[in-house]
>>> print(open('upload10.tsv').read())   # TSV, C-alpha atoms and all ligand atoms
chain	number	residue	atom	x	y	z
C	477	MET	CA	215.48	145.56	148.26
C	478	ASN	CA	212.21	144.80	149.95
C	479	GLU	CA	212.22	146.57	153.31
C	480	ILE	CA	208.59	145.94	154.14
C	481	THR	CA	207.96	143.84	157.25
C	482	PRO	CA	204.71	142.95	159.05
C	483	GLU	CA	205.70	145.53	161.69
C	484	THR	CA	206.12	148.41	159.22
C	485	ILE	CA	203.42	147.56	156.70
C	486	ASP	CA	200.57	150.03	156.14
C	487	TRP	CA	197.69	147.54	156.03
C	488	GLU	CA	195.09	150.18	155.15
C	489	ASN	CA	196.94	151.32	152.03
C	490	LEU	CA	198.14	148.10	150.45
C	491	ASP	CA	197.55	147.68	146.76
C	492	PHE	CA	197.92	144.60	144.57
C	493	SER	CA	201.69	144.31	144.27
C	494	TYR	CA	204.31	141.75	145.21
C	495	ILE	CA	205.68	141.89	148.73
C	496	LYS	CA	208.12	139.15	149.63
C	497	THR	CA	206.80	137.17	152.59
C	498	ASP	CA	208.85	134.73	154.69
C	499	TYR	CA	207.90	131.29	153.36
C	500	ARG	CA	206.67	129.60	150.22
C	501	PHE	CA	205.87	125.92	149.53
C	502	ILE	CA	207.69	124.04	146.79
C	503	SER	CA	207.27	120.50	145.52
C	504	LYS	CA	208.91	118.70	142.57
C	505	TYR	CA	207.56	116.05	140.23
C	506	LYS	CA	210.08	113.59	138.81
C	507	ASP	CA	210.01	109.95	137.72
C	508	GLY	CA	206.22	109.97	137.73
C	509	LYS	CA	205.65	111.23	141.27
C	510	TRP	CA	205.48	114.33	143.47
C	511	ASP	CA	207.85	114.61	146.39
C	512	GLU	CA	206.58	115.61	149.85
C	513	GLY	CA	207.28	119.29	149.26
C	514	GLU	CA	208.67	121.74	151.80
C	515	LEU	CA	208.58	125.34	152.93
C	516	THR	CA	211.49	127.51	151.87
C	517	THR	CA	212.58	131.09	152.46
C	518	ASP	CA	214.15	131.28	148.96
C	519	ASN	CA	211.90	133.15	146.49
C	520	GLN	CA	214.10	132.40	143.45
C	521	LEU	CA	213.61	129.42	141.14
C	522	HIS	CA	216.65	127.87	139.46
C	523	ILE	CA	215.35	125.98	136.41
C	524	SER	CA	216.71	124.51	133.17
C	525	GLU	CA	216.89	126.76	130.13
C	526	GLY	CA	214.93	123.98	128.37
C	527	SER	CA	211.89	124.28	130.71
C	528	THR	CA	208.65	123.90	128.74
C	529	ALA	CA	207.11	126.70	130.82
C	530	LEU	CA	209.59	129.12	129.25
C	531	HIS	CA	209.15	128.12	125.60
C	532	TYR	CA	205.75	126.54	125.19
C	533	GLY	CA	203.76	128.13	127.99
C	534	GLN	CA	203.35	124.85	129.83
C	535	GLN	CA	202.31	126.41	133.11
C	536	CYS	CA	199.16	127.19	135.05
C	537	PHE	CA	198.25	129.01	138.24
C	538	GLU	CA	195.55	129.83	140.76
C	539	GLY	CA	194.57	132.88	142.81
C	540	MET	CA	192.93	132.75	146.23
C	541	LYS	CA	192.95	134.59	149.55
C	542	ALA	CA	193.21	134.01	153.30
C	543	TYR	CA	190.98	136.29	155.41
C	544	ARG	CA	191.51	137.33	159.06
C	545	THR	CA	188.25	137.15	161.01
C	546	GLU	CA	187.15	139.18	164.02
C	547	ASP	CA	188.18	136.45	166.50
C	548	GLY	CA	191.68	136.40	165.00
C	549	SER	CA	191.30	133.05	163.21
C	550	ILE	CA	191.99	132.71	159.48
C	551	ASN	CA	189.53	131.63	156.75
C	552	LEU	CA	190.17	130.16	153.34
C	553	PHE	CA	187.30	130.50	150.89
C	554	ARG	CA	186.42	127.30	148.95
C	555	PRO	CA	190.08	126.23	148.49
C	556	PHE	CA	189.14	122.79	147.12
C	557	GLU	CA	187.58	124.58	144.14
C	558	ASN	CA	190.97	126.13	143.34
C	559	ALA	CA	192.62	122.71	143.72
C	560	LYS	CA	190.12	121.19	141.27
C	561	ARG	CA	190.43	124.03	138.79
C	562	MET	CA	194.22	123.82	138.81
C	563	ASN	CA	193.97	120.14	137.98
C	564	ASN	CA	191.60	120.93	135.11
C	565	SER	CA	194.21	123.39	133.81
C	566	CYS	CA	196.87	120.65	134.24
C	567	GLU	CA	194.76	118.23	132.25
C	568	ARG	CA	194.36	120.70	129.38
C	569	LEU	CA	198.15	121.31	129.17
C	570	LEU	CA	199.21	117.71	129.85
C	571	MET	CA	200.79	118.57	133.18
C	572	ALA	CA	201.03	116.36	136.28
C	573	PRO	CA	197.96	116.83	138.50
C	574	TYR	CA	198.59	117.68	142.16
C	575	PRO	CA	196.45	115.84	144.77
C	576	GLU	CA	193.62	118.14	145.93
C	577	ASP	CA	193.93	117.42	149.65
C	578	LYS	CA	197.68	118.06	149.50
C	579	PHE	CA	197.05	121.31	147.61
C	580	VAL	CA	194.78	122.58	150.39
C	581	GLU	CA	197.15	121.34	153.11
C	582	ALA	CA	200.07	123.15	151.39
C	583	VAL	CA	198.02	126.37	151.17
C	584	LYS	CA	197.36	126.13	154.91
C	585	GLU	CA	201.05	125.50	155.63
C	586	VAL	CA	202.00	128.63	153.68
C	587	VAL	CA	199.41	130.73	155.52
C	588	ARG	CA	200.48	129.40	158.94
C	589	ALA	CA	204.16	130.00	158.16
C	590	ASN	CA	203.35	133.57	157.10
C	591	GLU	CA	200.73	134.21	159.78
C	592	GLU	CA	202.18	137.63	160.67
C	593	TRP	CA	201.53	138.67	157.06
C	594	VAL	CA	197.79	137.97	157.23
C	595	PRO	CA	196.29	141.48	157.43
C	596	PRO	CA	194.31	142.44	160.54
C	597	TYR	CA	190.52	142.12	160.55
C	598	GLY	CA	188.74	145.31	159.62
C	599	THR	CA	191.33	146.62	157.14
C	600	GLY	CA	189.62	144.93	154.17
C	601	ALA	CA	193.07	143.56	153.23
C	602	SER	CA	193.84	139.85	152.90
C	603	LEU	CA	196.70	137.46	152.18
C	604	TYR	CA	196.71	136.63	148.47
C	605	LEU	CA	197.92	133.12	147.62
C	606	ARG	CA	199.38	132.21	144.29
C	607	PRO	CA	199.69	128.46	143.64
C	608	PHE	CA	201.38	127.73	140.32
C	609	MET	CA	202.84	124.87	138.32
C	610	ILE	CA	205.53	124.96	135.65
C	611	GLY	CA	206.98	122.37	133.27
C	612	ILE	CA	210.76	122.15	133.81
C	613	GLY	CA	213.76	120.03	132.76
C	614	ASP	CA	216.08	119.78	129.80
C	615	ASN	CA	213.75	119.83	126.79
C	616	VAL	CA	213.68	121.39	123.38
C	617	GLY	CA	210.99	119.69	121.26
C	618	ILE	CA	207.33	120.59	121.57
C	619	LYS	CA	206.09	118.00	124.02
C	620	ALA	CA	204.94	117.80	127.61
C	621	ALA	CA	207.71	117.97	130.21
C	622	ASP	CA	208.60	114.97	132.38
C	623	GLU	CA	209.33	117.18	135.38
C	624	TYR	CA	207.30	119.90	137.14
C	625	ILE	CA	207.47	122.34	140.00
C	626	PHE	CA	204.39	123.15	142.07
C	627	SER	CA	204.78	126.14	144.35
C	628	ILE	CA	202.61	128.50	146.42
C	629	PHE	CA	203.65	131.96	147.50
C	630	ALA	CA	201.76	134.51	149.56
C	631	THR	CA	201.62	138.29	149.47
C	632	PRO	CA	199.38	140.68	151.41
C	633	VAL	CA	197.02	142.71	149.24
C	634	GLY	CA	194.70	145.59	149.98
C	635	SER	CA	190.99	145.87	149.59
C	636	TYR	CA	190.39	146.48	145.89
C	637	PHE	CA	188.22	149.52	146.53
C	638	LYS	CA	189.62	151.88	149.12
C	639	GLY	CA	186.89	154.02	150.62
C	640	GLY	CA	184.10	151.84	149.23
C	641	MET	CA	183.11	150.06	146.04
C	642	LYS	CA	182.99	152.29	142.97
C	643	PRO	CA	181.73	151.68	139.45
C	644	SER	CA	184.07	152.13	136.49
C	645	ASN	CA	183.83	151.95	132.72
C	646	PHE	CA	184.97	149.18	130.37
C	647	LEU	CA	185.69	148.89	126.66
C	648	VAL	CA	184.45	146.05	124.44
C	649	SER	CA	187.65	144.81	122.82
C	650	THR	CA	188.18	143.92	119.19
C	651	TYR	CA	190.79	141.34	120.32
C	652	ASP	CA	190.11	137.81	121.58
C	653	ARG	CA	191.67	136.45	124.76
C	654	ALA	CA	191.04	132.82	123.86
C	655	ALA	CA	190.20	130.67	120.84
C	656	PRO	CA	186.81	128.94	120.45
C	657	ARG	CA	188.09	125.52	121.46
C	658	GLY	CA	191.33	126.76	122.99
C	659	THR	CA	192.40	127.30	126.58
C	660	GLY	CA	189.98	130.01	127.76
C	661	ALA	CA	188.52	127.75	130.45
C	662	ALA	CA	191.97	126.95	131.86
C	663	LYS	CA	193.96	129.31	134.07
C	664	VAL	CA	197.10	129.29	131.95
C	665	GLY	CA	199.59	132.08	131.38
C	666	GLY	CA	199.08	132.25	127.60
C	667	ASN	CA	195.56	133.62	128.04
C	668	TYR	CA	196.93	136.45	130.16
C	669	ALA	CA	199.82	137.21	127.80
C	670	ALA	CA	197.20	137.56	125.05
C	671	SER	CA	195.22	139.99	127.20
C	672	LEU	CA	198.09	142.40	127.99
C	673	LEU	CA	197.83	144.43	124.78
C	674	PRO	CA	194.01	144.78	124.75
C	675	GLY	CA	194.16	145.65	128.46
C	676	LYS	CA	196.82	148.29	127.85
C	677	GLU	CA	194.85	149.80	124.98
C	678	ALA	CA	191.67	149.95	127.09
C	679	LYS	CA	193.54	151.58	129.99
C	680	GLY	CA	195.20	154.00	127.57
C	681	ARG	CA	191.69	155.18	126.66
C	682	SER	CA	190.82	155.62	130.37
C	683	PHE	CA	188.76	152.45	130.71
C	684	SER	CA	189.34	150.03	133.60
C	685	ASP	CA	189.89	147.07	131.30
C	686	ALA	CA	188.79	145.26	128.15
C	687	VAL	CA	185.59	143.24	127.82
C	688	TYR	CA	186.01	140.19	125.59
C	689	LEU	CA	183.32	138.84	123.29
C	690	ASP	CA	182.96	135.18	122.34
C	691	PRO	CA	185.78	134.36	119.91
C	692	GLU	CA	183.53	132.48	117.49
C	693	THR	CA	180.80	135.05	116.66
C	694	HIS	CA	181.81	138.24	118.51
C	695	THR	CA	178.19	138.80	119.51
C	696	LYS	CA	178.20	137.66	123.17
C	697	ILE	CA	179.93	138.92	126.32
C	698	GLU	CA	182.48	136.50	127.77
C	699	GLU	CA	184.96	138.00	130.24
C	700	VAL	CA	185.64	141.40	131.81
C	701	GLY	CA	189.43	141.69	132.03
C	702	ALA	CA	190.47	138.86	134.36
C	703	ALA	CA	186.98	138.46	135.79
C	704	ASN	CA	183.59	137.01	134.84
C	705	PHE	CA	180.58	139.15	133.85
C	706	PHE	CA	177.18	139.26	135.54
C	707	GLY	CA	174.14	141.40	134.97
C	708	ILE	CA	170.90	141.96	136.90
C	709	THR	CA	167.90	142.21	134.60
C	710	LYS	CA	165.10	144.71	135.06
C	711	ASP	CA	162.99	141.90	136.54
C	712	ASP	CA	165.73	140.84	138.99
C	713	VAL	CA	167.32	137.84	137.31
C	714	PHE	CA	171.04	137.33	137.96
C	715	VAL	CA	172.46	136.44	134.53
C	716	THR	CA	175.99	135.33	133.73
C	717	PRO	CA	177.47	134.06	130.44
C	718	LYS	CA	177.82	130.38	129.69
C	719	SER	CA	180.65	129.49	127.34
C	720	PRO	CA	183.41	126.89	127.05
C	721	SER	CA	186.04	129.63	126.64
C	722	ILE	CA	185.32	131.43	129.95
C	723	LEU	CA	187.34	130.72	133.09
C	724	PRO	CA	184.88	129.12	135.56
C	725	SER	CA	185.09	131.76	138.30
C	726	ILE	CA	184.68	130.50	141.86
C	727	THR	CA	183.37	133.94	142.81
C	728	LYS	CA	180.77	133.76	140.00
C	729	TYR	CA	179.49	130.32	141.12
C	730	SER	CA	179.36	131.59	144.69
C	731	LEU	CA	177.35	134.67	143.62
C	732	LEU	CA	174.98	132.48	141.59
C	733	TRP	CA	174.25	130.45	144.72
C	734	LEU	CA	173.93	133.51	146.97
C	735	ALA	CA	171.70	135.35	144.50
C	736	GLU	CA	169.32	132.41	144.45
C	737	ASN	CA	169.45	131.26	148.06
C	738	ARG	CA	170.13	134.41	150.06
C	739	LEU	CA	168.73	137.20	147.85
C	740	ASN	CA	165.85	135.15	146.40
C	741	LEU	CA	166.66	136.17	142.84
C	742	LYS	CA	166.18	133.98	139.82
C	743	THR	CA	169.49	133.04	138.19
C	744	LEU	CA	170.48	132.11	134.68
C	745	GLU	CA	173.72	130.98	133.02
C	746	ASP	CA	173.17	131.66	129.36
C	747	ASP	CA	174.38	133.51	126.28
C	748	VAL	CA	174.61	137.26	126.94
C	749	TYR	CA	174.17	138.99	123.60
C	750	ILE	CA	175.68	142.44	123.33
C	751	LYS	CA	172.58	143.52	121.34
C	752	ASP	CA	170.45	142.75	124.45
C	753	ILE	CA	172.56	144.80	126.85
C	754	ASP	CA	169.54	147.01	127.62
C	755	GLN	CA	167.95	144.18	129.60
C	756	PHE	CA	170.34	144.85	132.52
C	757	LYS	CA	169.75	147.47	135.19
C	758	GLU	CA	173.04	146.58	136.93
C	759	ALA	CA	176.23	144.84	135.82
C	760	GLY	CA	179.54	143.85	137.32
C	761	ALA	CA	182.77	141.92	137.00
C	762	CYS	CA	183.48	139.26	139.61
C	763	GLY	CA	186.64	137.48	140.73
C	764	THR	CA	188.88	136.84	143.72
C	765	ALA	CA	190.82	140.12	143.48
C	766	ALA	CA	187.95	142.62	143.34
C	767	VAL	CA	185.12	140.34	144.58
C	768	ILE	CA	182.80	142.57	142.53
C	769	ALA	CA	183.79	145.52	140.34
C	770	PRO	CA	180.57	147.30	139.36
C	771	ILE	CA	180.42	148.23	135.68
C	772	GLY	CA	179.26	151.80	135.33
C	773	GLY	CA	179.35	152.08	131.56
C	774	LEU	CA	180.35	149.93	128.62
C	775	GLN	CA	181.80	151.32	125.40
C	776	ILE	CA	180.48	149.21	122.52
C	777	GLU	CA	182.01	150.48	119.27
C	778	GLU	CA	180.63	154.05	119.01
C	779	ASP	CA	177.92	153.57	121.68
C	780	PHE	CA	178.40	154.14	125.40
C	781	HIS	CA	175.92	152.16	127.48
C	782	VAL	CA	175.37	153.07	131.13
C	783	PHE	CA	173.91	150.39	133.44
C	784	TYR	CA	172.86	151.63	136.90
C	785	SER	CA	175.06	154.71	137.15
C	786	GLU	CA	178.61	155.80	136.41
C	787	THR	CA	179.07	156.95	140.00
C	788	GLU	CA	176.70	154.94	142.25
C	789	VAL	CA	176.65	151.21	142.95
C	790	GLY	CA	173.31	149.49	142.30
C	791	PRO	CA	171.45	147.99	145.27
C	792	VAL	CA	171.57	144.34	144.15
C	793	THR	CA	175.32	144.56	143.43
C	794	LYS	CA	175.83	146.06	146.89
C	795	ARG	CA	173.87	143.29	148.60
C	796	LEU	CA	175.78	140.58	146.74
C	797	TYR	CA	179.10	142.20	147.67
C	798	ASN	CA	178.16	142.51	151.34
C	799	GLU	CA	176.93	138.93	151.52
C	800	LEU	CA	180.04	137.45	149.91
C	801	THR	CA	182.64	139.53	151.78
C	802	GLY	CA	180.66	138.97	155.02
C	803	ILE	CA	181.05	135.21	154.51
C	804	GLN	CA	184.74	135.47	153.61
C	805	PHE	CA	185.60	137.52	156.71
C	806	GLY	CA	183.45	135.31	158.96
C	807	GLU	CA	180.74	137.89	159.72
C	808	ILE	CA	177.89	136.04	157.99
C	809	GLU	CA	177.12	132.34	158.21
C	810	ALA	CA	178.68	130.47	155.30
C	811	PRO	CA	176.99	127.75	153.28
C	812	ASP	CA	178.28	124.27	154.23
C	813	GLY	CA	181.82	123.61	153.09
C	814	TRP	CA	182.64	127.11	151.88
C	815	ILE	CA	185.00	128.08	154.69
C	816	GLU	CA	188.10	126.11	155.56
C	817	LYS	CA	189.82	127.19	158.77
C	818	VAL	CA	193.60	127.42	158.59
C	901	LIG	C1	190.13	135.30	133.16
C	901	LIG	C2	189.54	135.23	134.52
C	901	LIG	N1	188.21	135.15	134.64
C	901	LIG	C3	187.62	135.07	135.86
C	901	LIG	C4	188.35	135.09	137.02
C	901	LIG	C5	187.68	135.01	138.34
C	901	LIG	O1	187.85	133.75	138.92
C	901	LIG	P1	187.76	133.56	140.48
C	901	LIG	O2	186.44	134.07	140.91
C	901	LIG	O3	187.87	132.08	140.69
C	901	LIG	O4	188.88	134.33	141.06
C	901	LIG	C6	189.74	135.19	136.95
C	901	LIG	C7	190.56	135.24	138.17
C	901	LIG	O5	190.97	134.22	138.65
C	901	LIG	C8	190.35	135.24	135.68
C	901	LIG	O6	191.68	135.33	135.57
>>> encode(input="upload10.tsv", output="structure tokens", more="lines below")
Ligand SMILES: Cc1ncc(COP(=O)(O)O)c(C=O)c1O
Amino acid sequence: MNEITPETIDWENLDFSYIKTDYRFISKYKDGKWDEGELTTDNQLHISEGSTALHYGQQCFEGMKAYRTEDGSINLFRPFENAKRMNNSCERLLMAPYPEDKFVEAVKEVVRANEEWVPPYGTGASLYLRPFMIGIGDNVGIKAADEYIFSIFATPVGSYFKGGMKPSNFLVSTYDRAAPRGTGAAKVGGNYAASLLPGKEAKGRSFSDAVYLDPETHTKIEEVGAANFFGITKDDVFVTPKSPSILPSITKYSLLWLAENRLNLKTLEDDVYIKDIDQFKEAGACGTAAVIAPIGGLQIEEDFHVFYSETEVGPVTKRLYNELTGIQFGEIEAPDGWIEKV
């Protein structure tokens, strides 16, 4: 039984695990339309055994956070980007799109209803939000469902790096997480199921996670675990891979903009060949959970390549991290439209 309450929670020592909060949003799609949706205290779903989500992976999800600011208000970071990306995932799996403005409104409703669960400013913790959609109903053949559930739950999560950002090492995987013209650019469960074994093998060898190469030629870096890759070249260009099988990371696009407009770096979205790894003086993984996870070293077959250092975070990585988290927690002025107040 979950005994944790907002009164007893240890905000400073939260990790990334499920804590049941008070309310979640749930909406149903039937007969060609979404209902109004409502908040519920029930965290169990009762669905047909024929649900397409169970058999054919017809499901998608999003990950985002609500941040407590110094004045006590609550920020969402670019939530319309999550709404758009979920609808791109829906399109790829023939699911019913959910209106973007209603998506953001529902996220706000969930945050407001769980306000006591939004971690205090200064702890580095935040309220993680997990919107998801599943195909449901009595089905058995391989086809798109006629009915869907869209839901959003919330759970408080800790700062990824307790006691400061630290580099860690990664392993270039011999597995693929996505097919060349498959679903790599969509946030769908199947991609993550496919990554469990390579991730486990990497962790079993004391690496943080697996790095995936492009599934077509296995010569270019694509993803770092469940995060995008970036590198800083020796002449200060922020480079990140461009590929149709990468999940378009909202953090990555935000860093691209900040690198160019706040740090005055040149930026480039392009192929990142593993043979050219020496061009980078710093490298990192970026995504909502970690913001930035600096890559200390990369194991490439028999070679171990160190970027900036295995123990210290490079100066450009540090500046990017400070700029982005400063914006999210309301300490630094945000570019227009990036912050949505709850
Ligand atoms: C495979 C993958 N790549 C990249 C990301 C980072 O995306 P974002 O910055 O939008 O969280 C995520 C996390 O959502 C992911 O699962």
>>> residues_near_ligand(input="upload10.tsv", ligand="ligand LIG 901 (chain C)", cutoff="8 Å", atoms="all atoms listed in the file", output="mmCIF file with C-alpha atoms, in the coordinates of the input")
data_model
loop_
_atom_site.group_PDB
_atom_site.id
_atom_site.type_symbol
_atom_site.label_atom_id
_atom_site.label_comp_id
_atom_site.auth_asym_id
_atom_site.auth_seq_id
_atom_site.Cartn_x
_atom_site.Cartn_y
_atom_site.Cartn_z
ATOM 1 C CA GLU C 538 195.550 129.830 140.760
ATOM 2 C CA GLY C 539 194.570 132.880 142.810
ATOM 3 C CA MET C 540 192.930 132.750 146.230
ATOM 4 C CA ASN C 558 190.970 126.130 143.340
ATOM 5 C CA GLY C 660 189.980 130.010 127.760
ATOM 6 C CA LYS C 663 193.960 129.310 134.070
ATOM 7 C CA ASN C 667 195.560 133.620 128.040
ATOM 8 C CA TYR C 668 196.930 136.450 130.160
ATOM 9 C CA GLU C 699 184.960 138.000 130.240
ATOM 10 C CA VAL C 700 185.640 141.400 131.810
ATOM 11 C CA GLY C 701 189.430 141.690 132.030
ATOM 12 C CA ALA C 702 190.470 138.860 134.360
ATOM 13 C CA ALA C 703 186.980 138.460 135.790
ATOM 14 C CA ASN C 704 183.590 137.010 134.840
ATOM 15 C CA ILE C 722 185.320 131.430 129.950
ATOM 16 C CA LEU C 723 187.340 130.720 133.090
ATOM 17 C CA PRO C 724 184.880 129.120 135.560
ATOM 18 C CA SER C 725 185.090 131.760 138.300
ATOM 19 C CA ILE C 726 184.680 130.500 141.860
ATOM 20 C CA THR C 727 183.370 133.940 142.810
ATOM 21 C CA LYS C 728 180.770 133.760 140.000
ATOM 22 C CA TYR C 729 179.490 130.320 141.120
ATOM 23 C CA CYS C 762 183.480 139.260 139.610
ATOM 24 C CA GLY C 763 186.640 137.480 140.730
ATOM 25 C CA THR C 764 188.880 136.840 143.720
ATOM 26 C CA ALA C 765 190.820 140.120 143.480
ATOM 27 C CA VAL C 767 185.120 140.340 144.580
#
>>> atom_distance(input="upload10.tsv", atom1="CA of Ala761 (chain C)", atom2="CA of Phe705 (chain C)")
4.7 Å
>>> atom_distance(input="upload10.tsv", atom1="CA of Ser671 (chain C)", atom2="CA of Ala654 (chain C)")
8.9 Å
>>> closest_residue(input="upload10.tsv", among="C:Cys566, C:Leu552, C:Leu689, C:Ile768", to="Val818 (chain C)", atoms="only C-alpha atoms")
C:Leu552
>>> closest_residue(input="upload10.tsv", among="C:Asp754, C:Glu525, C:Glu778, C:Glu736", to="Val648 (chain C)", atoms="all atoms listed in the file")
C:Glu778
>>> closest_residue(input="upload10.tsv", among="C:Ser524, C:Glu567, C:Arg606, C:Ile502", to="Pro555 (chain C)", atoms="only C-alpha atoms")
C:Arg606
